[in-house]
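Take a look at the structure below.
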Amino acid sequence: MDTDEDTIDLRSDTVTTPSEAMREAARDAEVGDDVYRDDPTVNELERRAAEAVGTEAALYVPSGTMANQIAVHVHTEPGQELILERESHIYRWELAGAAKLSGTQTRTLDAGERCVPTPEAVREGLVDEDLHRPGTGLLALENTHNYRGGTAIPVDRISAAAEVARDAGVPVHLDGARVFNAAVALGVDASEIVDPVDSVTFCLSKGLGAPVGSILAGDEAFVEAARRVRKLFGGGMRQAGMIAAPGLLALENVDRLADDHANAERLAAGLDALDGVRAPEPDTNIVVAHTEDAGIAAADLVTACKDAGVGCVEFDDYATRFTTHLDVDGDDVDAAIDRIGDVVAELA
Ligand SMILES: *Cc1c(COP(=O)(O)O)cnc(C)c1O
């Protein structure tokens, strides 16, 4: 993607660049060697992050993918099964890391359009260890659900799925890359969403606007084990306060996620009004436009939008994702709708 100033980049909420305040915070950060736990800025970020999701402890890691993969590694033994919904990020977009890094076998659960497995689906997915079967090591859930269009999954559905696993002695990890988007959309505190699970990942570098970093949180024992696995995976960092300082400011960007959601709703309404385009009202900041009726392949739409100055990504053959974030406002959304409208009229 070119960096044309005029481009409205809706590819992802990861494209935001750090604010002046974040750049200053990075420059002025108090630092130390974080592998020795000597970096006061990282320590502060971990304390505040744990507080934000209501866990005992938290660990700062370079990416959401690493956070999830560390969680899989800590919770499971090689050969055990990891169960998760079939469109989960951990299953689809993490390069089979659970198999390669932790030796788990994945069993996918069908959750239909509802994104989170029902208690029955979880029960069916659990296998007991015996002479022939490996046993289930972990249930992983996702909220908001990325591939299902940023769906905010209500707390009771998360609890219901988690309870079945935990009753069977199987821990539960939540891939909450955008858990604060879920919290804002549902009008609950993030800690309520996290309460039914054993560990959670969230990204500082998405809607919250930090340049780098994610958090893996859970109880003290889990985070202590996770710290060793982070080192094993090459994620032990030294004067990381330089990148953790903007992360502290990112934690203050939770409430403003509501603006991104309003912009996404406006974008979806604008796109849905185009001939041959279906864009369901989003729960959060991810809009998925379906163009099968217009006979426009997502790949073609993405290329033409790029030429017209709108960044978006292909999600499926006829599904394209547009994501709002803190670097786009209502005017940008209106301009994007106009540009996409021209593109659709031309391609249809
Ligand atoms: C982005 C994302 C991740 C991975 O985060 P990275 O920081 O890009 O590695 C994991 N899960 C979900 C649901 C995501 O959207």
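So you can find residues: chains in the structure tokens are A, B, ... in the order shown, residues in each start at 1, and ligands are numbered from 1 in order.
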
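Residues with any atom within 9 Å of Gln80 of chain A, counting only C-alpha atoms and excluding same-chain neighbours fewer than 2 positions away, are Thr76, Glu77, Pro78, Leu82, Gly103, Thr104, Gln105, Thr106, Glu129, Arg133, Pro134, Gly135, Thr136, Gly137 and Leu138 of chain A.
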
Using only N, CA and C atoms, please write the residues we just selected to a file, as a tab-separated table (two decimals), in the first residue's frame.
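The result, written out as part-v5.tsv:
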```tsv
chain	number	residue	atom	x	y	z
A	76	THR	N	-1.08	-26.55	27.78
A	76	THR	CA	-1.19	-27.91	27.22
A	76	THR	C	0.10	-28.71	27.36
A	77	GLU	N	-0.05	-30.03	27.18
A	77	GLU	CA	1.10	-30.93	27.04
A	77	GLU	C	1.15	-31.36	25.57
A	78	PRO	N	2.36	-31.61	25.03
A	78	PRO	CA	2.43	-32.10	23.65
A	78	PRO	C	1.54	-33.32	23.46
A	82	LEU	N	-6.23	-29.24	21.38
A	82	LEU	CA	-6.67	-27.86	21.57
A	82	LEU	C	-8.00	-27.76	20.85
A	103	GLY	N	3.12	-28.80	19.87
A	103	GLY	CA	2.82	-30.21	19.61
A	103	GLY	C	1.38	-30.59	19.92
A	104	THR	N	0.46	-29.63	19.82
A	104	THR	CA	-0.93	-29.99	20.08
A	104	THR	C	-1.61	-30.42	18.79
A	105	GLN	N	-2.68	-31.16	18.96
A	105	GLN	CA	-3.54	-31.51	17.83
A	105	GLN	C	-4.78	-30.63	17.99
A	106	THR	N	-5.22	-30.05	16.88
A	106	THR	CA	-6.37	-29.16	16.97
A	106	THR	C	-7.65	-29.87	16.56
A	129	GLU	N	-8.64	-38.57	28.12
A	129	GLU	CA	-7.44	-39.33	27.81
A	129	GLU	C	-7.69	-40.80	28.14
A	133	ARG	N	-6.94	-42.24	23.10
A	133	ARG	CA	-7.23	-40.83	22.83
A	133	ARG	C	-6.35	-39.90	23.66
A	134	PRO	N	-5.98	-38.76	23.08
A	134	PRO	CA	-4.96	-37.91	23.70
A	134	PRO	C	-5.43	-37.04	24.87
A	135	GLY	N	-6.72	-36.79	24.95
A	135	GLY	CA	-7.22	-35.90	26.00
A	135	GLY	C	-7.18	-34.45	25.54
A	136	THR	N	-8.11	-33.65	26.07
A	136	THR	CA	-8.18	-32.23	25.71
A	136	THR	C	-7.35	-31.41	26.68
A	137	GLY	N	-6.51	-30.53	26.14
A	137	GLY	CA	-5.66	-29.70	27.00
A	137	GLY	C	-6.15	-28.29	27.19
A	138	LEU	N	-6.91	-27.79	26.21
A	138	LEU	CA	-7.30	-26.38	26.26
A	138	LEU	C	-8.48	-26.09	25.36
```

What are the closest atom pairs, with distances in Å to one decimal, for each residue of chain A lying within 9 Å of ligand 1, using only C-alpha atoms and all ligand atoms, rows by chain and rising residue number, as CSV?
```
residue,atom,partner,partner_atom_place_in_ligand_line,distance
A:Ser12,CA,ligand 1,1 (C),8.9
A:Asp13,CA,ligand 1,1 (C),8.9
A:Thr14,CA,ligand 1,8 (O),7.7
A:Pro62,CA,ligand 1,7 (O),7.3
A:Ser63,CA,ligand 1,7 (O),3.7
A:Gly64,CA,ligand 1,5 (O),3.4
A:Thr65,CA,ligand 1,9 (O),3.6
A:Met66,CA,ligand 1,9 (O),6.4
A:Ala67,CA,ligand 1,9 (O),7.9
A:Asn68,CA,ligand 1,10 (C),7.0
A:Ser88,CA,ligand 1,13 (C),7.1
A:His89,CA,ligand 1,11 (N),5.0
A:Ile90,CA,ligand 1,11 (N),6.5
A:Trp93,CA,ligand 1,10 (C),7.9
A:Glu94,CA,ligand 1,4 (C),7.8
A:Glu142,CA,ligand 1,13 (C),6.2
A:Asn143,CA,ligand 1,13 (C),7.1
A:Thr144,CA,ligand 1,13 (C),6.9
A:His145,CA,ligand 1,13 (C),6.1
A:Asn146,CA,ligand 1,13 (C),5.1
A:Tyr147,CA,ligand 1,13 (C),7.8
A:Gly150,CA,ligand 1,15 (O),8.7
A:Asp175,CA,ligand 1,11 (N),5.6
A:Gly176,CA,ligand 1,13 (C),6.4
A:Ala177,CA,ligand 1,12 (C),4.8
A:Arg178,CA,ligand 1,15 (O),6.7
A:Thr201,CA,ligand 1,10 (C),7.8
A:Phe202,CA,ligand 1,10 (C),8.0
A:Cys203,CA,ligand 1,7 (O),6.1
A:Leu204,CA,ligand 1,7 (O),8.3
A:Ser205,CA,ligand 1,7 (O),6.9
A:Lys206,CA,ligand 1,1 (C),7.3
A:Val212,CA,ligand 1,7 (O),8.0
A:Gly213,CA,ligand 1,7 (O),6.8
A:Ser214,CA,ligand 1,7 (O),6.4
```

Give me, as a PyMOL selection string, the residues of segment 155-336 of chain A that a backbone DSSP run labels strand (DSSP E). chain A and resi 172-175+199-203+214-218+286-290+310-311+313-316+319-323

Okay, now the selection with N, CA, C and O atoms, as a short mmCIF file (atom, residue, chain, number, x, y, z; two decimals), in the first residue's frame?
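Result written to result.cif:
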```
data_model
loop_
_atom_site.label_atom_id
_atom_site.label_comp_id
_atom_site.auth_asym_id
_atom_site.auth_seq_id
_atom_site.Cartn_x
_atom_site.Cartn_y
_atom_site.Cartn_z
N VAL A 172 -9.28 -22.62 30.04
CA VAL A 172 -9.85 -21.85 28.93
C VAL A 172 -9.02 -20.59 28.70
O VAL A 172 -8.75 -19.84 29.63
N HIS A 173 -8.63 -20.40 27.44
CA HIS A 173 -7.92 -19.17 27.07
C HIS A 173 -8.83 -18.34 26.19
O HIS A 173 -9.52 -18.85 25.32
N LEU A 174 -8.81 -17.02 26.42
CA LEU A 174 -9.59 -16.11 25.57
C LEU A 174 -8.65 -15.29 24.71
O LEU A 174 -7.80 -14.56 25.23
N ASP A 175 -8.78 -15.43 23.39
CA ASP A 175 -8.08 -14.55 22.47
C ASP A 175 -8.90 -13.27 22.40
O ASP A 175 -9.85 -13.16 21.63
N SER A 199 -7.04 -17.40 31.12
CA SER A 199 -6.02 -16.47 30.62
C SER A 199 -6.60 -15.69 29.45
O SER A 199 -7.57 -16.14 28.82
N VAL A 200 -5.99 -14.54 29.19
CA VAL A 200 -6.50 -13.69 28.11
C VAL A 200 -5.35 -12.98 27.40
O VAL A 200 -4.37 -12.59 28.03
N THR A 201 -5.50 -12.86 26.10
CA THR A 201 -4.61 -12.06 25.26
C THR A 201 -5.34 -10.77 24.91
O THR A 201 -6.53 -10.83 24.59
N PHE A 202 -4.67 -9.63 24.98
CA PHE A 202 -5.23 -8.46 24.27
C PHE A 202 -4.12 -7.64 23.63
O PHE A 202 -2.97 -7.67 24.07
N CYS A 203 -4.48 -6.95 22.54
CA CYS A 203 -3.50 -6.19 21.76
C CYS A 203 -3.54 -4.71 22.13
O CYS A 203 -4.60 -4.10 22.16
N SER A 214 1.46 -6.56 22.94
CA SER A 214 0.23 -7.18 23.42
C SER A 214 0.44 -7.60 24.86
O SER A 214 1.56 -7.56 25.38
N ILE A 215 -0.65 -8.02 25.47
CA ILE A 215 -0.62 -8.44 26.87
C ILE A 215 -1.18 -9.85 26.98
O ILE A 215 -2.16 -10.19 26.31
N LEU A 216 -0.54 -10.66 27.82
CA LEU A 216 -1.08 -11.97 28.18
C LEU A 216 -1.30 -11.93 29.68
O LEU A 216 -0.36 -11.66 30.44
N ALA A 217 -2.53 -12.17 30.11
CA ALA A 217 -2.85 -12.00 31.53
C ALA A 217 -3.52 -13.25 32.10
O ALA A 217 -4.16 -14.01 31.39
N GLY A 218 -3.36 -13.40 33.41
CA GLY A 218 -3.96 -14.53 34.10
C GLY A 218 -3.57 -14.47 35.57
O GLY A 218 -3.20 -13.41 36.07
N ILE A 286 -15.37 -3.56 12.90
CA ILE A 286 -15.05 -4.33 11.70
C ILE A 286 -16.29 -4.46 10.82
O ILE A 286 -17.32 -4.97 11.26
N VAL A 287 -16.16 -3.97 9.58
CA VAL A 287 -17.27 -4.04 8.63
C VAL A 287 -16.91 -5.06 7.56
O VAL A 287 -15.81 -5.01 7.00
N VAL A 288 -17.82 -5.99 7.31
CA VAL A 288 -17.58 -6.96 6.24
C VAL A 288 -18.60 -6.68 5.13
O VAL A 288 -19.80 -6.69 5.37
N ALA A 289 -18.07 -6.40 3.92
CA ALA A 289 -18.94 -6.13 2.78
C ALA A 289 -18.98 -7.35 1.88
O ALA A 289 -17.94 -7.87 1.47
N HIS A 290 -20.20 -7.85 1.60
CA HIS A 290 -20.39 -9.02 0.74
C HIS A 290 -20.83 -8.54 -0.63
O HIS A 290 -21.81 -7.82 -0.76
N VAL A 310 -8.70 3.81 -1.07
CA VAL A 310 -9.27 3.22 0.15
C VAL A 310 -8.58 1.88 0.39
O VAL A 310 -8.58 1.01 -0.47
N GLY A 311 -8.01 1.72 1.56
CA GLY A 311 -7.36 0.45 1.91
C GLY A 311 -8.35 -0.49 2.55
O GLY A 311 -9.11 -0.10 3.44
N VAL A 313 -9.10 -5.19 3.03
CA VAL A 313 -8.48 -6.50 2.81
C VAL A 313 -9.52 -7.54 2.41
O VAL A 313 -10.67 -7.48 2.82
N GLU A 314 -9.05 -8.50 1.62
CA GLU A 314 -9.90 -9.60 1.19
C GLU A 314 -10.09 -10.54 2.37
O GLU A 314 -9.13 -10.89 3.04
N PHE A 315 -11.35 -10.94 2.59
CA PHE A 315 -11.63 -11.82 3.72
C PHE A 315 -12.01 -13.20 3.22
O PHE A 315 -11.75 -14.20 3.85
N ASP A 316 -12.66 -13.21 2.07
CA ASP A 316 -13.12 -14.45 1.46
C ASP A 316 -13.38 -14.13 0.00
O ASP A 316 -13.23 -12.99 -0.39
N ALA A 319 -16.05 -11.51 0.15
CA ALA A 319 -16.17 -10.74 1.39
C ALA A 319 -14.90 -9.90 1.60
O ALA A 319 -13.79 -10.40 1.48
N THR A 320 -15.12 -8.63 1.89
CA THR A 320 -14.01 -7.69 2.07
C THR A 320 -14.15 -7.02 3.42
O THR A 320 -15.25 -6.64 3.82
N ARG A 321 -13.02 -6.88 4.13
CA ARG A 321 -13.07 -6.29 5.47
C ARG A 321 -12.58 -4.84 5.45
O ARG A 321 -11.55 -4.51 4.86
N PHE A 322 -13.35 -3.99 6.13
CA PHE A 322 -12.98 -2.59 6.35
C PHE A 322 -12.97 -2.37 7.87
O PHE A 322 -13.93 -2.74 8.55
N THR A 323 -11.91 -1.79 8.39
CA THR A 323 -11.79 -1.63 9.84
C THR A 323 -11.60 -0.16 10.19
O THR A 323 -10.73 0.51 9.63
#
```

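Closest to Asp255 of chain A among A:Pro154, A:Gly32, A:Pro280, A:Gly207 is A:Gly207, based on only C-alpha atoms.
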
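With only C-alpha atoms taken into account, the protein and nucleic acid residues at most 10 Å from Asp156 of chain A (excluding it and anything under 5 positions from it in its own chain) are Ala161, Ala162, Glu192, Ile193 and Pro196 of chain A.
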
Write a file of the selected residues as a tab-separated table (two decimals), in the first residue's frame, keeping N, CA and C atoms.
```
chain	number	residue	atom	x	y	z
A	161	ALA	N	-19.78	-21.59	27.71
A	161	ALA	CA	-18.81	-22.46	27.02
A	161	ALA	C	-17.65	-22.80	27.96
A	162	ALA	N	-17.18	-21.77	28.68
A	162	ALA	CA	-16.01	-21.97	29.55
A	162	ALA	C	-16.33	-22.93	30.69
A	192	GLU	N	-15.35	-8.42	33.38
A	192	GLU	CA	-16.51	-9.34	33.38
A	192	GLU	C	-16.39	-10.37	32.27
A	193	ILE	N	-15.84	-9.94	31.13
A	193	ILE	CA	-15.68	-10.86	30.00
A	193	ILE	C	-14.57	-11.87	30.31
A	196	PRO	N	-14.71	-15.48	33.44
A	196	PRO	CA	-14.91	-16.94	33.31
A	196	PRO	C	-13.74	-17.73	32.73
```

If we count only C-alpha atoms, what is near Arg339 of chain A at a cut-off of 8 Å, once residues fewer than 2 positions away on the same chain are taken out, given as a list of chain:residue names?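 Within the cut-off, the hits are A:Cys305, A:Ala308, A:Gly309, A:Val310, A:Ala335, A:Ala336, A:Ile337, A:Gly341, A:Asp342, A:Val343.
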
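Separating atom CA of Val197 of chain A from atom CA of Leu101 of chain A is a distance of 22.5 Å.
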
When you count only C-alpha atoms, which of these residues is closest to Ala244 of chain A: A:Arg48, A:Arg266, A:His325, A:Lys306?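 So, comparing all the options, the nearest one is A:Arg48.
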
So which residues touch Glu46 of chain A within 10 Å, counting only C-alpha atoms, skipping near sequence neighbours fewer than 5 positions away, as JSON, numbers by chain? {"A": [40, 41, 51, 52, 57, 58, 59, 60, 215, 216, 217, 244, 247, 248]}

In Å, how far is it from atom CA of Val61 of chain A to atom CA of Pro18 of chain A?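 Value for the atom CA of Val61 of chain A-atom CA of Pro18 of chain A distance: 18.0 Å.
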
Using only C-alpha atoms, the residue out of A:Ile70, A:Ala26, A:Leu257, A:Gly187 with shortest distance to Arg228 of chain A is A:Ile70
